[in-house]
$ cat target25.txt   # compact mmCIF, C-alpha atoms
# COMPACT_ATOMS: atom_id res chain seq x y z
CA MET K 289 87.28 120.67 83.54
CA THR K 290 87.05 121.70 87.17
CA CYS K 291 89.90 123.81 88.47
CA LEU K 292 90.92 123.61 92.09
CA SER K 293 91.36 126.89 93.81
CA ASN K 294 94.54 125.80 95.48
CA GLY K 295 95.57 123.05 93.10
CA SER K 296 98.04 123.31 90.29
CA GLY K 297 97.67 121.04 87.29
CA ASP K 298 96.57 117.56 88.29
CA SER K 299 97.74 117.62 91.87
CA LEU K 300 96.35 119.06 95.06
CA VAL K 301 98.68 121.22 97.10
CA PRO K 302 99.71 119.39 100.30
CA THR K 303 98.82 121.32 103.43
CA LYS K 304 99.92 121.00 107.03
CA LYS K 305 97.03 118.58 107.62
CA THR K 306 97.53 116.45 104.52
CA THR K 307 101.33 116.22 104.43
CA LEU K 308 102.40 112.71 105.40
CA LYS K 309 105.35 112.85 107.74
CA ARG K 310 105.66 109.10 108.28
CA LEU K 311 106.37 107.04 105.13
CA PRO K 312 105.86 110.00 102.75
CA GLN K 313 106.61 107.70 99.80
CA ARG K 314 103.14 106.23 100.33
CA ALA K 315 101.43 109.60 99.84
CA SER K 316 99.86 110.93 96.68
CA TYR K 317 98.24 114.26 96.00
CA GLN K 318 97.42 113.49 92.38
CA ARG K 319 93.83 114.21 91.63
CA HIS K 320 93.24 111.19 89.38
CA ILE K 321 94.51 108.83 92.08
CA ILE K 322 92.34 110.46 94.74
CA TYR K 323 89.32 110.27 92.43
CA GLN K 324 89.98 106.65 91.55
CA ILE K 325 90.06 105.55 95.20
CA LEU K 326 86.96 107.58 96.05
CA ASP K 327 85.13 106.15 93.04
CA GLU K 328 85.93 102.57 93.99
CA GLY K 329 84.81 102.84 97.63
CA LEU K 330 81.24 102.33 98.76
CA VAL K 331 81.44 103.56 102.35
CA CYS K 332 83.22 106.55 103.82
CA HIS K 333 83.84 107.30 107.47
CA VAL K 334 82.96 110.87 108.37
CA GLY K 335 84.53 112.36 111.47
CA PHE K 336 83.50 115.59 113.10
CA ILE K 337 83.48 117.22 116.49
CA ASP K 338 80.21 117.17 118.42
CA SER K 339 80.14 118.89 121.82
CA ASN K 340 83.92 118.63 122.11
CA TYR K 341 84.23 114.95 121.36
CA PRO K 342 85.01 113.21 118.07
CA VAL K 343 82.34 111.19 116.27
CA VAL K 344 82.98 108.85 113.33
CA ILE K 345 80.03 107.53 111.34
CA PRO K 346 79.92 105.36 108.23
CA MET K 347 78.04 106.79 105.26
CA THR K 348 77.61 106.29 101.56
CA TYR K 349 78.69 109.07 99.26
CA GLY K 350 78.99 110.19 95.69
CA ARG K 351 81.40 112.33 93.72
CA ARG K 352 80.89 114.68 90.84
CA GLY K 353 84.01 116.43 89.65
CA ASN K 354 85.56 118.14 92.58
CA ASN K 355 82.59 117.71 94.93
CA LEU K 356 81.77 114.92 97.32
CA TYR K 357 78.20 114.43 98.50
CA ILE K 358 76.86 112.70 101.61
CA HIS K 359 73.25 112.52 102.69
CA GLY K 360 70.90 111.41 105.40
CA SER K 361 67.67 112.21 107.10
CA ALA K 362 66.91 115.87 107.69
CA ALA K 363 65.87 114.70 111.16
CA SER K 364 69.34 113.35 111.86
CA ARG K 365 70.83 115.27 114.74
CA ILE K 366 74.25 113.88 113.97
CA LEU K 367 74.24 114.92 110.31
CA ARG K 368 73.02 118.37 111.31
CA ALA K 369 76.00 118.57 113.66
CA ALA K 370 78.36 117.52 110.86
CA SER K 371 76.95 120.21 108.59
CA LYS K 372 78.06 122.95 110.95
CA ALA K 373 81.51 121.62 111.66
CA GLN K 374 84.82 120.83 110.04
CA VAL K 375 84.81 117.25 108.87
CA CYS K 376 87.39 114.65 107.97
CA LEU K 377 86.08 112.14 105.44
CA THR K 378 88.11 108.96 104.97
CA VAL K 379 87.68 106.17 102.42
CA THR K 380 89.73 103.00 102.83
CA LEU K 381 90.05 100.15 100.33
CA LEU K 382 91.64 97.08 101.88
CA ASP K 383 93.61 95.21 99.20
CA GLY K 384 95.42 92.56 101.17
CA LEU K 385 97.15 91.29 104.28
CA VAL K 386 100.93 91.57 104.09
CA LEU K 387 102.50 88.62 105.87
CA ALA K 388 106.13 89.19 106.78
CA ARG K 389 108.62 86.85 108.44
CA SER K 390 108.63 88.98 111.58
CA ALA K 391 105.56 90.12 113.50
CA PHE K 392 106.93 93.66 113.38
CA HIS K 393 106.88 93.95 109.59
CA HIS K 394 103.34 92.70 109.07
CA SER K 395 101.23 95.25 107.26
CA MET K 396 98.25 95.73 105.00
CA ASN K 397 98.04 96.66 101.37
CA TYR K 398 95.46 99.40 101.05
CA ARG K 399 94.47 102.58 99.28
CA SER K 400 92.95 105.35 101.35
CA VAL K 401 91.92 108.95 100.90
CA VAL K 402 91.53 111.52 103.64
CA VAL K 403 89.61 114.71 102.89
CA PHE K 404 89.46 117.73 105.19
CA GLY K 405 86.95 120.50 104.86
CA THR K 406 83.74 122.11 105.92
CA ALA K 407 80.59 120.60 104.51
CA SER K 408 77.83 122.84 103.27
CA VAL K 409 74.12 122.05 103.19
CA LEU K 410 72.48 122.02 99.77
CA GLU K 411 69.22 123.93 100.04
CA ASN K 412 68.15 124.15 96.40
CA LEU K 413 65.96 121.16 95.49
CA ASP K 414 67.47 120.81 92.00
CA HIS K 415 70.97 120.76 93.45
CA LYS K 416 69.86 118.18 96.01
CA LEU K 417 68.35 116.00 93.31
CA SER K 418 71.51 116.22 91.24
CA ALA K 419 73.67 115.30 94.24
CA LEU K 420 71.43 112.35 95.11
CA ARG K 421 71.80 111.13 91.55
CA ALA K 422 75.59 111.39 91.91
CA ILE K 423 75.37 109.20 95.02
CA SER K 424 73.10 106.70 93.27
CA ASP K 425 75.34 106.58 90.18
CA HIS K 426 78.36 106.05 92.41
CA ILE K 427 76.83 103.07 94.20
CA MET K 428 75.23 101.49 91.15
CA LEU K 429 75.34 103.03 87.71
CA GLY K 430 72.06 102.50 85.89
CA ARG K 431 69.88 102.30 88.98
CA TRP K 432 68.69 105.91 88.95
CA GLN K 433 66.97 105.57 85.56
CA ASP K 434 65.02 102.58 86.81
CA VAL K 435 63.57 103.77 90.10
CA ARG K 436 60.97 106.24 91.24
CA LYS K 437 62.76 109.58 91.68
CA PRO K 438 62.53 111.52 94.94
CA ASN K 439 59.46 113.75 95.16
CA SER K 440 59.60 117.18 96.75
CA ILE K 441 58.52 115.86 100.16
CA GLU K 442 61.29 113.26 100.12
CA LEU K 443 63.80 115.85 98.96
CA ARG K 444 62.85 118.07 101.89
CA GLN K 445 63.23 115.12 104.25
CA THR K 446 66.75 114.53 102.96
CA LEU K 447 69.75 116.48 104.14
CA VAL K 448 72.47 116.65 101.50
CA LEU K 449 75.94 117.93 102.30
CA ARG K 450 78.65 118.91 99.84
CA LEU K 451 82.34 118.70 100.64
CA ARG K 452 84.79 120.19 98.16
CA LEU K 453 87.91 118.18 97.34
CA THR K 454 90.40 120.89 98.07
CA GLU K 455 92.44 119.55 100.97
CA ALA K 456 92.97 115.83 100.47
CA SER K 457 95.61 113.16 100.18
CA ALA K 458 95.81 109.52 99.19
CA LYS K 459 97.92 106.89 100.89
CA ILE K 460 98.80 103.64 99.18
CA ARG K 461 100.71 100.51 100.07
CA THR K 462 101.26 97.74 97.55
CA GLY K 463 103.58 94.81 97.10
CA PRO K 464 105.24 92.12 99.18
CA PRO K 465 106.42 92.42 102.77
CA VAL K 466 109.67 94.20 103.49
CA ASP K 467 111.56 92.19 106.09
CA ASP K 468 114.80 92.82 107.89
CA GLU K 469 117.59 91.42 105.74
CA ALA K 470 118.54 88.90 108.44
CA ASP K 471 115.00 87.49 108.51
CA TYR K 472 114.78 86.45 104.86
CA ASP K 473 116.34 83.06 105.66
CA LEU K 474 113.76 82.20 108.35
CA PRO K 475 111.60 79.18 107.54
CA VAL K 476 108.41 81.28 107.54
CA TRP K 477 105.97 81.61 104.64
CA ALA K 478 105.75 85.26 103.57
CA GLY K 479 103.68 87.04 100.98
CA GLU K 480 100.32 88.66 100.51
CA LEU K 481 96.75 87.46 100.97
CA PRO K 482 94.73 89.62 98.54
CA ILE K 483 91.36 90.79 99.84
CA SER K 484 88.52 92.34 97.94
CA LEU K 485 84.90 93.33 98.32
CA VAL K 486 82.78 91.17 96.05
CA GLY K 487 79.11 91.07 95.23
CA GLY K 488 77.15 87.87 95.75
CA GLU K 489 74.03 86.48 94.14
CA PRO K 490 71.24 89.12 94.13
CA VAL K 491 68.36 88.26 96.49
CA ALA K 492 64.94 89.34 95.23
CA ASP K 493 62.60 91.15 97.62
CA PRO K 494 59.99 88.60 98.82
CA ARG K 495 57.34 91.02 97.59
CA LEU K 496 58.83 91.39 94.10
CA VAL K 497 56.29 90.96 91.30
CA SER K 498 57.49 87.68 89.82
CA SER K 499 57.52 88.81 86.19
CA ILE K 500 60.18 91.46 86.85
CA GLU K 501 63.60 90.34 85.70
CA LEU K 502 66.96 91.25 87.18
CA PRO K 503 68.32 94.29 85.29
CA GLY K 504 71.70 93.94 83.58
CA TYR K 505 73.33 96.70 85.65
CA ILE K 506 72.99 94.61 88.84
CA ARG K 507 75.91 92.32 88.31
CA ARG K 508 77.27 89.71 90.63
CA ASP K 509 80.72 91.24 90.10
CA GLN K 510 79.41 94.74 90.81
CA THR K 511 82.25 95.57 93.16
CA ASP K 512 85.10 93.79 91.35
CA MET A 2 84.47 86.66 132.54
CA THR A 3 85.16 90.37 132.23
CA CYS A 4 82.74 92.65 134.03
CA LEU A 5 82.03 96.09 132.68
CA SER A 6 82.16 98.87 135.20
CA ASN A 7 79.05 100.49 133.87
CA GLY A 8 77.43 97.50 132.25
CA SER A 9 74.83 95.20 133.70
CA GLY A 10 74.69 91.60 132.60
CA ASP A 11 75.51 91.20 128.94
CA SER A 12 74.61 94.69 127.80
CA LEU A 13 76.41 97.99 127.90
CA VAL A 14 74.52 100.91 129.36
CA PRO A 15 73.54 103.36 126.60
CA THR A 16 74.88 106.85 127.21
CA LYS A 17 74.04 110.20 125.71
CA LYS A 18 76.68 109.59 123.03
CA THR A 19 75.70 106.03 122.19
CA THR A 20 71.91 106.28 122.31
CA LEU A 21 70.54 106.08 118.80
CA LYS A 22 67.81 108.65 118.34
CA ARG A 23 67.10 107.89 114.68
CA LEU A 24 65.93 104.34 113.92
CA PRO A 25 66.58 103.08 117.47
CA GLN A 26 65.35 99.62 116.43
CA ARG A 27 68.66 99.23 114.63
CA ALA A 28 70.70 99.73 117.78
CA SER A 29 72.16 97.09 120.03
CA TYR A 30 74.10 97.41 123.25
CA GLN A 31 74.56 93.69 123.75
CA ARG A 32 78.13 92.83 124.42
CA HIS A 33 78.20 89.62 122.36
CA ILE A 34 76.88 91.47 119.31
CA ILE A 35 79.41 94.27 119.71
CA TYR A 36 82.22 91.71 120.14
CA GLN A 37 81.07 89.71 117.11
CA ILE A 38 81.15 92.74 114.80
CA LEU A 39 84.51 93.88 116.14
CA ASP A 40 85.95 90.39 115.74
CA GLU A 41 84.81 90.12 112.13
CA GLY A 42 86.22 93.47 110.98
CA LEU A 43 89.80 93.95 109.83
CA VAL A 44 90.02 97.73 109.72
CA CYS A 45 88.70 100.34 112.13
CA HIS A 46 88.45 104.08 111.58
CA VAL A 47 89.80 106.04 114.52
CA GLY A 48 88.66 109.62 114.92
CA PHE A 49 90.19 112.15 117.28
CA ILE A 50 90.65 115.87 117.58
CA ASP A 51 94.05 117.26 116.59
CA SER A 52 94.57 121.01 116.96
CA ASN A 53 90.82 121.63 116.92
CA TYR A 54 90.05 119.71 113.78
CA PRO A 55 88.82 116.12 113.40
CA VAL A 56 91.10 113.44 111.94
CA VAL A 57 89.96 109.97 110.87
CA ILE A 58 92.59 107.32 110.12
CA PRO A 59 92.20 103.65 109.18
CA MET A 60 93.98 101.17 111.42
CA THR A 61 94.07 97.49 112.25
CA TYR A 62 93.12 96.45 115.74
CA GLY A 63 92.68 93.55 118.09
CA ARG A 64 90.38 92.74 120.98
CA ARG A 65 90.92 90.80 124.14
CA GLY A 66 87.96 90.66 126.46
CA ASN A 67 86.84 94.15 127.12
CA ASN A 68 89.92 95.86 125.64
CA LEU A 69 90.58 97.03 122.12
CA TYR A 70 94.17 97.54 120.97
CA ILE A 71 95.53 99.70 118.16
CA HIS A 72 99.17 100.22 117.32
CA GLY A 73 101.58 102.09 115.13
CA SER A 74 105.02 103.60 115.02
CA ALA A 75 106.22 105.34 118.18
CA ALA A 76 107.40 108.05 115.78
CA SER A 77 103.85 108.61 114.52
CA ARG A 78 102.82 112.13 115.43
CA ILE A 79 99.23 111.34 114.67
CA LEU A 80 99.07 108.27 116.92
CA ARG A 81 100.74 110.27 119.70
CA ALA A 82 98.00 112.86 119.28
CA ALA A 83 95.32 110.15 119.46
CA SER A 84 96.82 108.80 122.66
CA LYS A 85 96.22 112.07 124.45
CA ALA A 86 92.72 112.65 123.24
CA GLN A 87 89.26 111.26 123.32
CA VAL A 88 88.73 108.91 120.42
CA CYS A 89 85.83 107.48 118.51
CA LEU A 90 86.63 104.10 116.98
CA THR A 91 84.23 102.80 114.35
CA VAL A 92 84.13 99.41 112.62
CA THR A 93 81.78 98.92 109.68
CA LEU A 94 80.95 95.64 107.94
CA LEU A 95 79.15 96.20 104.66
CA ASP A 96 76.79 93.28 104.02
CA GLY A 97 74.84 94.40 100.98
CA LEU A 98 73.23 97.06 98.83
CA VAL A 99 69.50 97.41 99.46
CA LEU A 100 67.75 98.20 96.20
CA ALA A 101 64.30 99.67 96.69
CA ARG A 102 61.70 100.69 94.12
CA SER A 103 62.18 104.36 94.97
CA ALA A 104 65.50 106.18 95.12
CA PHE A 105 64.53 107.46 98.56
CA HIS A 106 64.31 104.01 100.19
CA HIS A 107 67.64 102.70 98.93
CA SER A 108 69.87 101.66 101.78
CA MET A 109 72.70 99.38 102.78
CA ASN A 110 72.73 96.31 104.96
CA TYR A 111 75.55 96.65 107.43
CA ARG A 112 76.75 96.00 110.94
CA SER A 113 78.74 98.72 112.66
CA VAL A 114 80.13 99.42 116.09
CA VAL A 115 81.00 102.83 117.47
CA VAL A 116 83.23 103.02 120.56
CA PHE A 117 83.89 106.19 122.54
CA GLY A 118 86.66 106.56 125.06
CA THR A 119 90.12 107.75 125.90
CA ALA A 120 92.97 105.55 124.75
CA SER A 121 95.85 104.86 127.07
CA VAL A 122 99.43 104.10 126.06
CA LEU A 123 100.78 100.72 127.13
CA GLU A 124 104.27 101.25 128.56
CA ASN A 125 105.05 97.82 129.97
CA LEU A 126 106.81 95.68 127.32
CA ASP A 127 105.01 92.48 128.37
CA HIS A 128 101.65 94.21 128.09
CA LYS A 129 102.66 95.59 124.68
CA LEU A 130 103.70 92.14 123.50
CA SER A 131 100.43 90.65 124.68
CA ALA A 132 98.42 93.38 122.93
CA LEU A 133 100.36 92.90 119.69
CA ARG A 134 99.58 89.21 119.85
CA ALA A 135 95.89 90.08 120.27
CA ILE A 136 96.09 92.18 117.10
CA SER A 137 97.93 89.41 115.22
CA ASP A 138 95.45 86.75 116.39
CA HIS A 139 92.59 88.99 115.35
CA ILE A 140 93.90 89.45 111.81
CA MET A 141 95.07 85.87 111.28
CA LEU A 142 94.85 83.22 113.96
CA GLY A 143 97.89 80.98 113.85
CA ARG A 144 100.28 83.53 112.39
CA TRP A 145 101.87 84.61 115.68
CA GLN A 146 103.27 81.15 116.46
CA ASP A 147 104.95 81.07 113.06
CA VAL A 148 106.78 84.39 112.88
CA ARG A 149 109.73 86.00 114.58
CA LYS A 150 108.36 87.78 117.66
CA PRO A 151 109.07 91.46 118.28
CA ASN A 152 112.37 92.10 120.05
CA SER A 153 112.74 94.78 122.71
CA ILE A 154 113.94 97.37 120.19
CA GLU A 155 110.90 96.76 117.98
CA LEU A 156 108.61 96.85 121.01
CA ARG A 157 110.01 100.24 121.97
CA GLN A 158 109.50 101.47 118.41
CA THR A 159 105.85 100.44 118.58
CA LEU A 160 103.19 102.55 120.20
CA VAL A 161 100.31 100.47 121.50
CA LEU A 162 97.07 102.05 122.69
CA ARG A 163 94.33 100.42 124.69
CA LEU A 164 90.71 101.49 124.51
CA ARG A 165 88.26 99.97 126.96
CA LEU A 166 84.89 98.86 125.63
CA THR A 167 82.78 100.77 128.09
CA GLU A 168 80.84 103.23 125.96
CA ALA A 169 79.85 101.53 122.73
CA SER A 170 76.91 100.64 120.55
CA ALA A 171 76.21 98.48 117.53
CA LYS A 172 73.95 99.39 114.63
CA ILE A 173 72.59 96.77 112.29
CA ARG A 174 70.40 96.74 109.21
CA THR A 175 69.37 93.49 107.57
CA GLY A 176 66.71 92.30 105.16
CA PRO A 177 64.91 93.49 102.05
CA PRO A 178 64.06 97.08 101.15
CA VAL A 179 61.09 98.74 102.81
CA ASP A 180 59.20 100.67 100.16
CA ASP A 181 56.20 102.94 100.36
CA GLU A 182 53.11 100.78 100.03
CA ALA A 183 52.11 102.53 96.80
CA ASP A 184 55.46 101.70 95.18
CA TYR A 185 55.27 97.91 95.50
CA ASP A 186 53.40 97.68 92.19
CA LEU A 187 56.08 99.58 90.24
CA PRO A 188 57.80 97.54 87.53
CA VAL A 189 61.20 97.89 89.22
CA TRP A 190 63.42 95.03 90.40
CA ALA A 191 63.97 95.29 94.14
CA GLY A 192 66.03 93.27 96.56
CA GLU A 193 69.50 92.99 97.97
CA LEU A 194 72.93 92.59 96.41
CA PRO A 195 74.99 90.86 99.11
CA ILE A 196 78.55 92.10 99.49
CA SER A 197 81.40 90.55 101.40
CA LEU A 198 85.13 90.84 101.89
CA VAL A 199 86.81 87.74 100.53
CA GLY A 200 90.37 86.54 100.44
CA GLY A 201 91.97 85.69 97.11
CA GLU A 202 94.79 83.35 96.17
CA PRO A 203 97.85 83.93 98.40
CA VAL A 204 100.79 85.51 96.55
CA ALA A 205 104.21 84.33 97.72
CA ASP A 206 106.92 86.91 98.39
CA PRO A 207 109.31 86.85 95.37
CA ARG A 208 112.12 86.24 97.85
CA LEU A 209 110.40 83.30 99.56
CA VAL A 210 112.64 80.24 99.97
CA SER A 211 110.97 77.87 97.51
CA SER A 212 110.78 74.88 99.86
CA ILE A 213 108.50 76.73 102.30
CA GLU A 214 104.89 75.65 101.93
CA LEU A 215 101.79 77.73 102.52
CA PRO A 216 100.62 77.18 106.12
CA GLY A 217 97.14 75.84 106.70
CA TYR A 218 96.00 78.90 108.65
CA ILE A 219 96.32 81.09 105.54
CA ARG A 220 93.11 80.14 103.86
CA ARG A 221 91.67 81.56 100.70
CA ASP A 222 88.38 81.96 102.57
CA GLN A 223 90.11 83.74 105.47
CA THR A 224 87.58 86.50 105.63
CA ASP A 225 84.43 84.50 104.88

$ encode --input "target25.txt" --output "structure tokens"
Amino acid sequence: MTCLSNGSGDSLVPTKKTTLKRLPQRASYQRHIIYQILDEGLVCHVGFIDSNYPVVIPMTYGRRGNNLYIHGSAASRILRAASKAQVCLTVTLLDGLVLARSAFHHSMNYRSVVVFGTASVLENLDHKLSALRAISDHIMLGRWQDVRKPNSIELRQTLVLRLRLTEASAKIRTGPPVDDEADYDLPVWAGELPISLVGGEPVADPRLVSSIELPGYIRRDQTD
Amino acid sequence: MTCLSNGSGDSLVPTKKTTLKRLPQRASYQRHIIYQILDEGLVCHVGFIDSNYPVVIPMTYGRRGNNLYIHGSAASRILRAASKAQVCLTVTLLDGLVLARSAFHHSMNYRSVVVFGTASVLENLDHKLSALRAISDHIMLGRWQDVRKPNSIELRQTLVLRLRLTEASAKIRTGPPVDDEADYDLPVWAGELPISLVGGEPVADPRLVSSIELPGYIRRDQTD
């Protein structure tokens, strides 16, 4: 089991950056909750400072234990910039629209994780390969075994960054709207509209050899 | 029709920040494409610099013409920080997983917009009200007419920021995987798994007065 340098037991230690001041009851520093949200997401938004201005780019990612991995082209100027800077990596799962009786109390049900840290570049080709497998397994378990693995040229063309999960927090809202007591009698429908990411019917590549069948790990309900 | 100060016709002028160097064929600066992506998204990720480190937080938003609006509690330290800084606001729509024959050529189909700028705080209560309506209309058209509108106390408790759509770009990937020519004969299923955000069955607030019926504007396929 991985031990966090600044964590005790199953929780991360809140820091100045990760302590929620507003609505602290929505915060969690429990590692299994943070992992669960990260493992369910498909896209993260990575923020970093480039020439004094903030940049936020969407990326895929993977997790293994206490490490998060992101990757991109070694030619990517923007990823190179991120590798030298402090980053903030955020994953947000939208679970529903919260429809209150007053405009003011409308909200969203969501689970999000914010991770702060400095990413480091993986140089060793074995480590890169292992991280790329973690990303592949995260997006679609079973895929890695099926496909042609990266060769050494492709590995060199790929920049892989590792971000340790040391300074992170989760934020969660669930449940019905919370209206002002006086508003509960208003003749307005209130409740939640659940929202989820769902997979559709797989679309075969037009150049797919026709005898190749759809593997069992590609399921229509992949993201349920 | 809104005219952009630095735009000509229906396109924004690419700047140093918004010019895509990698895969420039995926970039678009056309206003109607940028608007379409922004209008379809429900959550944006706002990045800004706070005490020399980057912060990325998920938020809802609205658009009216050439203005984007975000809002939060006036007591929010983090939103106050964002209102004084340059921000990067990113919206990402995930459309599918792109499954290639090689690990290296796996990708995602997506549409994203990145906006750079400095947000300004709306002080005028009428302007705030109008911006909050834009956010409400964006999330669920028809809702605003139904609910109790914000009173002046609630308006003062709400911080509303405006970000002009002056420096922005869209990035889009669609279609099947693009494999190395030599890999097309591999016995590996390849194609796309479409992904979309869908609304589920509305869940009534446990305290809902039972005679109130679900309004027509809350549709199960809200996000389709």

$ closest_residue --input "target25.txt" --among "A:Thr20, A:Gln26, A:Ser12, A:Gln31" --to "A:Phe117" --atoms "all atoms listed in the file"
A:Thr20

$ residues_around --input "target25.txt" --residues "A:His107" --least-positions-apart "5" --cutoff "12 Å" --atoms "only C-alpha atoms" --output "ChimeraX atom specification"
/K:348,359-360,420-421,423-424,427-428,431-432,435-438 /A:97-102,177-181,191-194

$ residues_near_point --input "target25.txt" --point "(81.6, 116.3, 113.3)" --cutoff "12 Å" --atoms "only C-alpha atoms" --output "ChimeraX atom specification"
/K:333-345,365-377,404-407 /A:48-50,53-57,89

$ write_last_selection --input "target25.txt" --atoms "C-alpha atoms" --output "tab-separated table (two decimals), in the coordinates of the input"
chain	number	residue	atom	x	y	z
K	333	HIS	CA	83.84	107.30	107.47
K	334	VAL	CA	82.96	110.87	108.37
K	335	GLY	CA	84.53	112.36	111.47
K	336	PHE	CA	83.50	115.59	113.10
K	337	ILE	CA	83.48	117.22	116.49
K	338	ASP	CA	80.21	117.17	118.42
K	339	SER	CA	80.14	118.89	121.82
K	340	ASN	CA	83.92	118.63	122.11
K	341	TYR	CA	84.23	114.95	121.36
K	342	PRO	CA	85.01	113.21	118.07
K	343	VAL	CA	82.34	111.19	116.27
K	344	VAL	CA	82.98	108.85	113.33
K	345	ILE	CA	80.03	107.53	111.34
K	365	ARG	CA	70.83	115.27	114.74
K	366	ILE	CA	74.25	113.88	113.97
K	367	LEU	CA	74.24	114.92	110.31
K	368	ARG	CA	73.02	118.37	111.31
K	369	ALA	CA	76.00	118.57	113.66
K	370	ALA	CA	78.36	117.52	110.86
K	371	SER	CA	76.95	120.21	108.59
K	372	LYS	CA	78.06	122.95	110.95
K	373	ALA	CA	81.51	121.62	111.66
K	374	GLN	CA	84.82	120.83	110.04
K	375	VAL	CA	84.81	117.25	108.87
K	376	CYS	CA	87.39	114.65	107.97
K	377	LEU	CA	86.08	112.14	105.44
K	404	PHE	CA	89.46	117.73	105.19
K	405	GLY	CA	86.95	120.50	104.86
K	406	THR	CA	83.74	122.11	105.92
K	407	ALA	CA	80.59	120.60	104.51
A	48	GLY	CA	88.66	109.62	114.92
A	49	PHE	CA	90.19	112.15	117.28
A	50	ILE	CA	90.65	115.87	117.58
A	53	ASN	CA	90.82	121.63	116.92
A	54	TYR	CA	90.05	119.71	113.78
A	55	PRO	CA	88.82	116.12	113.40
A	56	VAL	CA	91.10	113.44	111.94
A	57	VAL	CA	89.96	109.97	110.87
A	89	CYS	CA	85.83	107.48	118.51

$ closest_residue --input "target25.txt" --among "A:Val14, A:Leu209, A:Ala135, A:Leu21" --to "A:Asp40" --atoms "all atoms listed in the file"
A:Ala135

$ axis_aligned_box --input "target25.txt" --around "stretch 346-352 of chain K" --padding-each-side "5 Å" --output "AutoDock Vina command-line options"
--center_x 79.5 --center_y 110.0 --center_z 99.5 --size_x 13.8 --size_y 19.3 --size_z 27.4

$ atom_distance --input "target25.txt" --atom1 "atom CA of K:Ala363" --atom2 "atom CA of K:His426"
24.1 Å

$ atom_distance --input "target25.txt" --atom1 "atom CA of K:Val402" --atom2 "atom CA of K:Thr380"
8.7 Å

$ residues_around --input "target25.txt" --residues "K:Arg351" --least-positions-apart "2" --cutoff "12 Å" --atoms "all atoms listed in the file" --output "VMD selection string"
chain K and resid 322 to 330 332 348 to 349 353 to 358 418 to 427 449 to 453

$ residues_around --input "target25.txt" --residues "A:Ile173" --least-positions-apart "6" --cutoff "7 Å" --atoms "all atoms listed in the file" --output "list of chain:residue names"
A:Arg27, A:Ala28, A:Tyr111, A:Arg112, A:Ser113

$ atom_distance --input "target25.txt" --atom1 "atom CA of K:Ile441" --atom2 "atom CA of K:Ile506"
28.1 Å

$ closest_residue --input "target25.txt" --among "A:Val161, A:Ser212, A:Thr167, A:Phe105" --to "chain K" --atoms "all atoms listed in the file"
A:Phe105

$ residues_near_point --input "target25.txt" --point "(95.0, 76.8, 109.7)" --cutoff "9 Å" --atoms "only C-alpha atoms" --output "CSV table (one decimal) with C-alpha atoms, keeping the file's coordinate frame"
chain,number,residue,atom,x,y,z
A,142,LEU,CA,94.8,83.2,114.0
A,143,GLY,CA,97.9,81.0,113.8
A,144,ARG,CA,100.3,83.5,112.4
A,216,PRO,CA,100.6,77.2,106.1
A,217,GLY,CA,97.1,75.8,106.7
A,218,TYR,CA,96.0,78.9,108.6
A,219,ILE,CA,96.3,81.1,105.5
A,220,ARG,CA,93.1,80.1,103.9

$ closest_residue --input "target25.txt" --among "K:Leu447, K:Leu485, K:Ala456, K:Val497" --to "chain A" --atoms "all atoms listed in the file"
K:Leu485

$ closest_residue --input "target25.txt" --among "K:Leu300, K:Leu417, K:Ala391, K:Ala470" --to "chain A" --atoms "only C-alpha atoms"
K:Ala391

$ decode --input "target25.txt" --residues "stretch 403-427 of chain K" --atoms "C-alpha atoms" --output "PDB file, in the first residue's frame"
ATOM      1  CA  VAL K 403      -4.979  18.368  -7.285  1.00  0.00           C
ATOM      2  CA  PHE K 404      -2.073  20.772  -6.808  1.00  0.00           C
ATOM      3  CA  GLY K 405       1.509  19.901  -7.505  1.00  0.00           C
ATOM      4  CA  THR K 406       4.489  19.990  -9.773  1.00  0.00           C
ATOM      5  CA  ALA K 407       4.496  17.485 -12.591  1.00  0.00           C
ATOM      6  CA  SER K 408       7.661  15.626 -13.436  1.00  0.00           C
ATOM      7  CA  VAL K 409       8.667  14.255 -16.825  1.00  0.00           C
ATOM      8  CA  LEU K 410       9.145  10.500 -17.040  1.00  0.00           C
ATOM      9  CA  GLU K 411      12.358   9.862 -18.951  1.00  0.00           C
ATOM     10  CA  ASN K 412      12.792   6.112 -18.507  1.00  0.00           C
ATOM     11  CA  LEU K 413      11.082   4.248 -21.376  1.00  0.00           C
ATOM     12  CA  ASP K 414       9.836   1.438 -19.112  1.00  0.00           C
ATOM     13  CA  HIS K 415       8.283   3.941 -16.742  1.00  0.00           C
ATOM     14  CA  LYS K 416       6.689   5.734 -19.686  1.00  0.00           C
ATOM     15  CA  LEU K 417       5.266   2.486 -21.018  1.00  0.00           C
ATOM     16  CA  SER K 418       3.861   1.610 -17.618  1.00  0.00           C
ATOM     17  CA  ALA K 419       2.261   5.049 -17.258  1.00  0.00           C
ATOM     18  CA  LEU K 420       0.743   4.841 -20.743  1.00  0.00           C
ATOM     19  CA  ARG K 421      -0.761   1.508 -19.801  1.00  0.00           C
ATOM     20  CA  ALA K 422      -2.246   3.118 -16.673  1.00  0.00           C
ATOM     21  CA  ILE K 423      -3.867   5.761 -18.900  1.00  0.00           C
ATOM     22  CA  SER K 424      -5.151   3.126 -21.320  1.00  0.00           C
ATOM     23  CA  ASP K 425      -6.513   0.948 -18.485  1.00  0.00           C
ATOM     24  CA  HIS K 426      -8.211   3.986 -16.983  1.00  0.00           C
ATOM     25  CA  ILE K 427     -10.021   4.875 -20.205  1.00  0.00           C
TER      26      ILE K 427
END
